[in-house]
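Report on one structure; see the data block that follows.
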Amino acid sequence: PDSESDIRDWLLCRKQSEADLISFAIRCVEDWKLAELDEELVDLAIDETAPYDCRRAALHALRAVGGPIAKKRLCSLSAL
């Protein structure tokens with residue numbers, strides 16, 4: 001139960017050197033169905049400073065755990 005805050009912190013990383021940690025956090029969110037972290041996944045997915053593979057993995061994870069608000073946010077961005 002306390003892992004959510006740690007995973008949230010890892011999802012906020014944006015350095016290429018921390019790509020493995022970010023990828024691990026994304027896998028945790030997806031495997032453990034931590035839907036409450038879907039907004040952090042959206043933020044990561046749209047952050048152009050984040051490692052590309054992590055952004056792509058965040059989008060994939062959102063298909064599994066993203067709620068309607070997060071998915072709507074992504075849809076509105078794709079319309080731009």
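A note on labels: chains of the structure tokens are A, B, ... as shown, every chain counts residues from 1, and ligands are counted from 1 in their shown order.
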
Problem set entry | Within 7 Å of Gly66 (chain A) using only C-alpha atoms, minus same-chain residues under 5 positions, as a PyMOL selection string | chain A and resi 35+38+71

Could you give me, as a PDB file with all heavy atoms, in the first residue's frame, the residues within 12 Å of Ala70 (chain A), counting only C-alpha atoms and dropping anything in the same chain fewer than 3 positions from it?
ATOM      1  N   ALA A  35      -4.519   2.139 -10.939  1.00  0.00           N
ATOM      2  CA  ALA A  35      -5.245   3.115 -11.759  1.00  0.00           C
ATOM      3  C   ALA A  35      -5.148   4.532 -11.199  1.00  0.00           C
ATOM      4  O   ALA A  35      -5.281   5.499 -11.949  1.00  0.00           O
ATOM      5  CB  ALA A  35      -6.709   2.697 -11.885  1.00  0.00           C
ATOM      6  N   GLU A  36      -4.884   4.669  -9.930  1.00  0.00           N
ATOM      7  CA  GLU A  36      -4.785   6.004  -9.334  1.00  0.00           C
ATOM      8  C   GLU A  36      -3.547   6.759  -9.811  1.00  0.00           C
ATOM      9  O   GLU A  36      -3.420   7.960  -9.551  1.00  0.00           O
ATOM     10  CB  GLU A  36      -4.822   5.935  -7.803  1.00  0.00           C
ATOM     11  CG  GLU A  36      -3.751   5.076  -7.185  1.00  0.00           C
ATOM     12  CD  GLU A  36      -4.122   3.592  -7.104  1.00  0.00           C
ATOM     13  OE1 GLU A  36      -5.210   3.208  -7.546  1.00  0.00           O
ATOM     14  OE2 GLU A  36      -3.293   2.824  -6.609  1.00  0.00           O
ATOM     15  N   LEU A  37      -2.655   6.083 -10.535  1.00  0.00           N
ATOM     16  CA  LEU A  37      -1.466   6.746 -11.073  1.00  0.00           C
ATOM     17  C   LEU A  37      -1.596   7.026 -12.568  1.00  0.00           C
ATOM     18  O   LEU A  37      -0.615   7.355 -13.232  1.00  0.00           O
ATOM     19  CB  LEU A  37      -0.217   5.893 -10.805  1.00  0.00           C
ATOM     20  CG  LEU A  37       0.156   5.741  -9.332  1.00  0.00           C
ATOM     21  CD1 LEU A  37       1.309   4.767  -9.158  1.00  0.00           C
ATOM     22  CD2 LEU A  37       0.511   7.081  -8.721  1.00  0.00           C
ATOM     23  N   ASP A  38      -2.818   6.953 -13.090  1.00  0.00           N
ATOM     24  CA  ASP A  38      -2.989   7.150 -14.532  1.00  0.00           C
ATOM     25  C   ASP A  38      -2.655   8.567 -14.990  1.00  0.00           C
ATOM     26  O   ASP A  38      -2.136   8.773 -16.077  1.00  0.00           O
ATOM     27  CB  ASP A  38      -4.372   6.716 -15.009  1.00  0.00           C
ATOM     28  CG  ASP A  38      -5.518   7.523 -14.421  1.00  0.00           C
ATOM     29  OD1 ASP A  38      -5.291   8.319 -13.486  1.00  0.00           O
ATOM     30  OD2 ASP A  38      -6.654   7.342 -14.892  1.00  0.00           O
ATOM     31  N   GLU A  39      -2.908   9.562 -14.159  1.00  0.00           N
ATOM     32  CA  GLU A  39      -2.561  10.945 -14.543  1.00  0.00           C
ATOM     33  C   GLU A  39      -1.052  11.118 -14.658  1.00  0.00           C
ATOM     34  O   GLU A  39      -0.568  11.841 -15.532  1.00  0.00           O
ATOM     35  CB  GLU A  39      -3.142  11.945 -13.544  1.00  0.00           C
ATOM     36  CG  GLU A  39      -4.647  12.110 -13.647  1.00  0.00           C
ATOM     37  CD  GLU A  39      -5.088  12.706 -14.983  1.00  0.00           C
ATOM     38  OE1 GLU A  39      -4.428  13.646 -15.478  1.00  0.00           O
ATOM     39  OE2 GLU A  39      -6.092  12.227 -15.522  1.00  0.00           O
ATOM     40  N   GLU A  40      -0.306  10.458 -13.788  1.00  0.00           N
ATOM     41  CA  GLU A  40       1.152  10.519 -13.876  1.00  0.00           C
ATOM     42  C   GLU A  40       1.636   9.860 -15.163  1.00  0.00           C
ATOM     43  O   GLU A  40       2.600  10.307 -15.781  1.00  0.00           O
ATOM     44  CB  GLU A  40       1.789   9.852 -12.651  1.00  0.00           C
ATOM     45  CG  GLU A  40       1.705  10.675 -11.388  1.00  0.00           C
ATOM     46  CD  GLU A  40       0.342  10.604 -10.690  1.00  0.00           C
ATOM     47  OE1 GLU A  40      -0.568   9.912 -11.169  1.00  0.00           O
ATOM     48  OE2 GLU A  40       0.205  11.271  -9.644  1.00  0.00           O
ATOM     49  N   LEU A  41       0.963   8.787 -15.580  1.00  0.00           N
ATOM     50  CA  LEU A  41       1.310   8.148 -16.844  1.00  0.00           C
ATOM     51  C   LEU A  41       1.048   9.080 -18.024  1.00  0.00           C
ATOM     52  O   LEU A  41       1.840   9.149 -18.958  1.00  0.00           O
ATOM     53  CB  LEU A  41       0.526   6.846 -17.025  1.00  0.00           C
ATOM     54  CG  LEU A  41       0.921   5.678 -16.132  1.00  0.00           C
ATOM     55  CD1 LEU A  41      -0.025   4.512 -16.354  1.00  0.00           C
ATOM     56  CD2 LEU A  41       2.361   5.258 -16.373  1.00  0.00           C
ATOM     57  N   VAL A  42      -0.069   9.797 -17.977  1.00  0.00           N
ATOM     58  CA  VAL A  42      -0.367  10.759 -19.045  1.00  0.00           C
ATOM     59  C   VAL A  42       0.712  11.839 -19.074  1.00  0.00           C
ATOM     60  O   VAL A  42       1.228  12.183 -20.150  1.00  0.00           O
ATOM     61  CB  VAL A  42      -1.764  11.392 -18.871  1.00  0.00           C
ATOM     62  CG1 VAL A  42      -1.980  12.510 -19.880  1.00  0.00           C
ATOM     63  CG2 VAL A  42      -2.857  10.354 -18.990  1.00  0.00           C
ATOM     64  N   ASP A  43       1.051  12.373 -17.903  1.00  0.00           N
ATOM     65  CA  ASP A  43       2.089  13.409 -17.841  1.00  0.00           C
ATOM     66  C   ASP A  43       3.398  12.905 -18.444  1.00  0.00           C
ATOM     67  O   ASP A  43       4.066  13.638 -19.189  1.00  0.00           O
ATOM     68  CB  ASP A  43       2.323  13.853 -16.403  1.00  0.00           C
ATOM     69  CG  ASP A  43       1.155  14.626 -15.818  1.00  0.00           C
ATOM     70  OD1 ASP A  43       0.319  15.131 -16.604  1.00  0.00           O
ATOM     71  OD2 ASP A  43       1.067  14.717 -14.583  1.00  0.00           O
ATOM     72  N   LEU A  44       3.753  11.687 -18.121  1.00  0.00           N
ATOM     73  CA  LEU A  44       4.981  11.100 -18.658  1.00  0.00           C
ATOM     74  C   LEU A  44       4.881  10.917 -20.171  1.00  0.00           C
ATOM     75  O   LEU A  44       5.804  11.252 -20.910  1.00  0.00           O
ATOM     76  CB  LEU A  44       5.255   9.757 -17.975  1.00  0.00           C
ATOM     77  CG  LEU A  44       6.431   8.942 -18.488  1.00  0.00           C
ATOM     78  CD1 LEU A  44       7.731   9.724 -18.360  1.00  0.00           C
ATOM     79  CD2 LEU A  44       6.515   7.626 -17.746  1.00  0.00           C
ATOM     80  N   ALA A  45       3.759  10.424 -20.634  1.00  0.00           N
ATOM     81  CA  ALA A  45       3.580  10.149 -22.057  1.00  0.00           C
ATOM     82  C   ALA A  45       3.682  11.406 -22.918  1.00  0.00           C
ATOM     83  O   ALA A  45       4.180  11.347 -24.048  1.00  0.00           O
ATOM     84  CB  ALA A  45       2.239   9.461 -22.291  1.00  0.00           C
ATOM     85  N   ILE A  46       3.253  12.523 -22.396  1.00  0.00           N
ATOM     86  CA  ILE A  46       3.261  13.742 -23.206  1.00  0.00           C
ATOM     87  C   ILE A  46       4.491  14.619 -22.965  1.00  0.00           C
ATOM     88  O   ILE A  46       4.659  15.629 -23.646  1.00  0.00           O
ATOM     89  CB  ILE A  46       1.971  14.576 -22.993  1.00  0.00           C
ATOM     90  CG1 ILE A  46       1.864  15.062 -21.556  1.00  0.00           C
ATOM     91  CG2 ILE A  46       0.746  13.775 -23.402  1.00  0.00           C
ATOM     92  CD1 ILE A  46       0.690  15.994 -21.308  1.00  0.00           C
ATOM     93  N   ALA A  58       4.418   4.180 -21.244  1.00  0.00           N
ATOM     94  CA  ALA A  58       3.352   4.816 -20.456  1.00  0.00           C
ATOM     95  C   ALA A  58       2.035   4.797 -21.227  1.00  0.00           C
ATOM     96  O   ALA A  58       0.973   4.527 -20.654  1.00  0.00           O
ATOM     97  CB  ALA A  58       3.748   6.241 -20.092  1.00  0.00           C
ATOM     98  N   LEU A  59       2.103   5.060 -22.518  1.00  0.00           N
ATOM     99  CA  LEU A  59       0.889   5.003 -23.339  1.00  0.00           C
ATOM    100  C   LEU A  59       0.304   3.601 -23.356  1.00  0.00           C
ATOM    101  O   LEU A  59      -0.909   3.411 -23.249  1.00  0.00           O
ATOM    102  CB  LEU A  59       1.194   5.453 -24.772  1.00  0.00           C
ATOM    103  CG  LEU A  59       1.371   6.942 -24.983  1.00  0.00           C
ATOM    104  CD1 LEU A  59       1.896   7.219 -26.389  1.00  0.00           C
ATOM    105  CD2 LEU A  59       0.062   7.674 -24.741  1.00  0.00           C
ATOM    106  N   ALA A  61       0.660   1.295 -21.044  1.00  0.00           N
ATOM    107  CA  ALA A  61       0.111   1.015 -19.721  1.00  0.00           C
ATOM    108  C   ALA A  61      -1.238   1.699 -19.521  1.00  0.00           C
ATOM    109  O   ALA A  61      -2.129   1.160 -18.856  1.00  0.00           O
ATOM    110  CB  ALA A  61       1.091   1.451 -18.633  1.00  0.00           C
ATOM    111  N   LEU A  62      -1.399   2.861 -20.110  1.00  0.00           N
ATOM    112  CA  LEU A  62      -2.673   3.584 -19.985  1.00  0.00           C
ATOM    113  C   LEU A  62      -3.833   2.807 -20.602  1.00  0.00           C
ATOM    114  O   LEU A  62      -4.968   2.918 -20.142  1.00  0.00           O
ATOM    115  CB  LEU A  62      -2.570   4.958 -20.626  1.00  0.00           C
ATOM    116  CG  LEU A  62      -1.944   6.015 -19.733  1.00  0.00           C
ATOM    117  CD1 LEU A  62      -1.537   7.234 -20.543  1.00  0.00           C
ATOM    118  CD2 LEU A  62      -2.893   6.406 -18.624  1.00  0.00           C
ATOM    119  N   ARG A  63      -3.546   2.026 -21.626  1.00  0.00           N
ATOM    120  CA  ARG A  63      -4.609   1.202 -22.207  1.00  0.00           C
ATOM    121  C   ARG A  63      -5.140   0.211 -21.185  1.00  0.00           C
ATOM    122  O   ARG A  63      -6.320  -0.120 -21.192  1.00  0.00           O
ATOM    123  CB  ARG A  63      -4.087   0.454 -23.434  1.00  0.00           C
ATOM    124  CG  ARG A  63      -3.869   1.364 -24.597  1.00  0.00           C
ATOM    125  CD  ARG A  63      -3.453   0.661 -25.855  1.00  0.00           C
ATOM    126  NE  ARG A  63      -3.497  -0.774 -25.803  1.00  0.00           N
ATOM    127  CZ  ARG A  63      -2.861  -1.571 -26.645  1.00  0.00           C
ATOM    128  NH1 ARG A  63      -2.126  -1.054 -27.594  1.00  0.00           N
ATOM    129  NH2 ARG A  63      -2.944  -2.878 -26.551  1.00  0.00           N
ATOM    130  N   ALA A  64      -4.268  -0.251 -20.291  1.00  0.00           N
ATOM    131  CA  ALA A  64      -4.658  -1.251 -19.301  1.00  0.00           C
ATOM    132  C   ALA A  64      -5.252  -0.640 -18.032  1.00  0.00           C
ATOM    133  O   ALA A  64      -6.190  -1.190 -17.461  1.00  0.00           O
ATOM    134  CB  ALA A  64      -3.456  -2.122 -18.931  1.00  0.00           C
ATOM    135  N   VAL A  65      -4.706   0.486 -17.575  1.00  0.00           N
ATOM    136  CA  VAL A  65      -5.120   1.008 -16.269  1.00  0.00           C
ATOM    137  C   VAL A  65      -5.708   2.412 -16.309  1.00  0.00           C
ATOM    138  O   VAL A  65      -6.185   2.905 -15.300  1.00  0.00           O
ATOM    139  CB  VAL A  65      -3.948   0.995 -15.253  1.00  0.00           C
ATOM    140  CG1 VAL A  65      -3.427  -0.395 -15.030  1.00  0.00           C
ATOM    141  CG2 VAL A  65      -2.841   1.938 -15.657  1.00  0.00           C
ATOM    142  N   GLY A  66      -5.676   3.044 -17.462  1.00  0.00           N
ATOM    143  CA  GLY A  66      -6.139   4.429 -17.538  1.00  0.00           C
ATOM    144  C   GLY A  66      -7.634   4.559 -17.361  1.00  0.00           C
ATOM    145  O   GLY A  66      -8.413   3.797 -17.924  1.00  0.00           O
ATOM    146  N   GLY A  67      -8.006   5.525 -16.555  1.00  0.00           N
ATOM    147  CA  GLY A  67      -9.414   5.821 -16.352  1.00  0.00           C
ATOM    148  C   GLY A  67      -9.942   6.721 -17.456  1.00  0.00           C
ATOM    149  O   GLY A  67      -9.191   7.198 -18.313  1.00  0.00           O
ATOM    150  N   ARG A  73      -8.135  12.973 -21.722  1.00  0.00           N
ATOM    151  CA  ARG A  73      -7.052  13.954 -21.810  1.00  0.00           C
ATOM    152  C   ARG A  73      -6.138  13.633 -22.989  1.00  0.00           C
ATOM    153  O   ARG A  73      -5.739  14.523 -23.734  1.00  0.00           O
ATOM    154  CB  ARG A  73      -6.274  13.954 -20.499  1.00  0.00           C
ATOM    155  CG  ARG A  73      -5.271  15.038 -20.380  1.00  0.00           C
ATOM    156  CD  ARG A  73      -4.706  15.089 -18.983  1.00  0.00           C
ATOM    157  NE  ARG A  73      -3.445  15.775 -19.018  1.00  0.00           N
ATOM    158  CZ  ARG A  73      -2.436  15.532 -18.200  1.00  0.00           C
ATOM    159  NH1 ARG A  73      -2.564  14.651 -17.250  1.00  0.00           N
ATOM    160  NH2 ARG A  73      -1.323  16.194 -18.302  1.00  0.00           N
ATOM    161  N   LEU A  74      -5.829  12.363 -23.171  1.00  0.00           N
ATOM    162  CA  LEU A  74      -5.011  11.972 -24.307  1.00  0.00           C
ATOM    163  C   LEU A  74      -5.717  12.191 -25.627  1.00  0.00           C
ATOM    164  O   LEU A  74      -5.116  12.647 -26.593  1.00  0.00           O
ATOM    165  CB  LEU A  74      -4.606  10.494 -24.185  1.00  0.00           C
ATOM    166  CG  LEU A  74      -3.480  10.186 -23.217  1.00  0.00           C
ATOM    167  CD1 LEU A  74      -3.249   8.695 -23.137  1.00  0.00           C
ATOM    168  CD2 LEU A  74      -2.195  10.897 -23.603  1.00  0.00           C
ATOM    169  N   CYS A  75      -6.990  11.875 -25.679  1.00  0.00           N
ATOM    170  CA  CYS A  75      -7.762  12.082 -26.917  1.00  0.00           C
ATOM    171  C   CYS A  75      -7.810  13.543 -27.288  1.00  0.00           C
ATOM    172  O   CYS A  75      -7.708  13.905 -28.459  1.00  0.00           O
ATOM    173  CB  CYS A  75      -9.173  11.526 -26.761  1.00  0.00           C
ATOM    174  SG  CYS A  75      -9.221   9.735 -26.777  1.00  0.00           S
ATOM    175  N   SER A  76      -7.970  14.414 -26.303  1.00  0.00           N
ATOM    176  CA  SER A  76      -8.028  15.846 -26.602  1.00  0.00           C
ATOM    177  C   SER A  76      -6.686  16.346 -27.118  1.00  0.00           C
ATOM    178  O   SER A  76      -6.628  17.240 -27.948  1.00  0.00           O
ATOM    179  CB  SER A  76      -8.469  16.639 -25.373  1.00  0.00           C
ATOM    180  OG  SER A  76      -7.504  16.557 -24.356  1.00  0.00           O
ATOM    181  N   LEU A  77      -5.593  15.748 -26.674  1.00  0.00           N
ATOM    182  CA  LEU A  77      -4.272  16.132 -27.167  1.00  0.00           C
ATOM    183  C   LEU A  77      -4.057  15.663 -28.600  1.00  0.00           C
ATOM    184  O   LEU A  77      -3.429  16.352 -29.385  1.00  0.00           O
ATOM    185  CB  LEU A  77      -3.180  15.541 -26.267  1.00  0.00           C
ATOM    186  CG  LEU A  77      -3.042  16.175 -24.899  1.00  0.00           C
ATOM    187  CD1 LEU A  77      -2.086  15.368 -24.049  1.00  0.00           C
ATOM    188  CD2 LEU A  77      -2.573  17.607 -25.019  1.00  0.00           C
TER     189      LEU A  77
END

Seminar exercise, completed: Separating CA of Phe24 (chain A) from CA of Thr49 (chain A), to the nearest tenth of an Å, is a gap of 18.3 Å

Problem set entry | Residue list (alpha helix (DSSP H), DSSP) for chain A, as a PyMOL selection string | chain A and resi 3-11+19-31+38-46+52-65+68-78

For this session: Compare A:Ser3, A:His60, A:Asp9, A:Leu34 by their minimum atom-to-atom distance to Leu21 (chain A), counting only C-alpha atoms, and give me the closest one.
Result: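 Closest candidate: A:Asp9.
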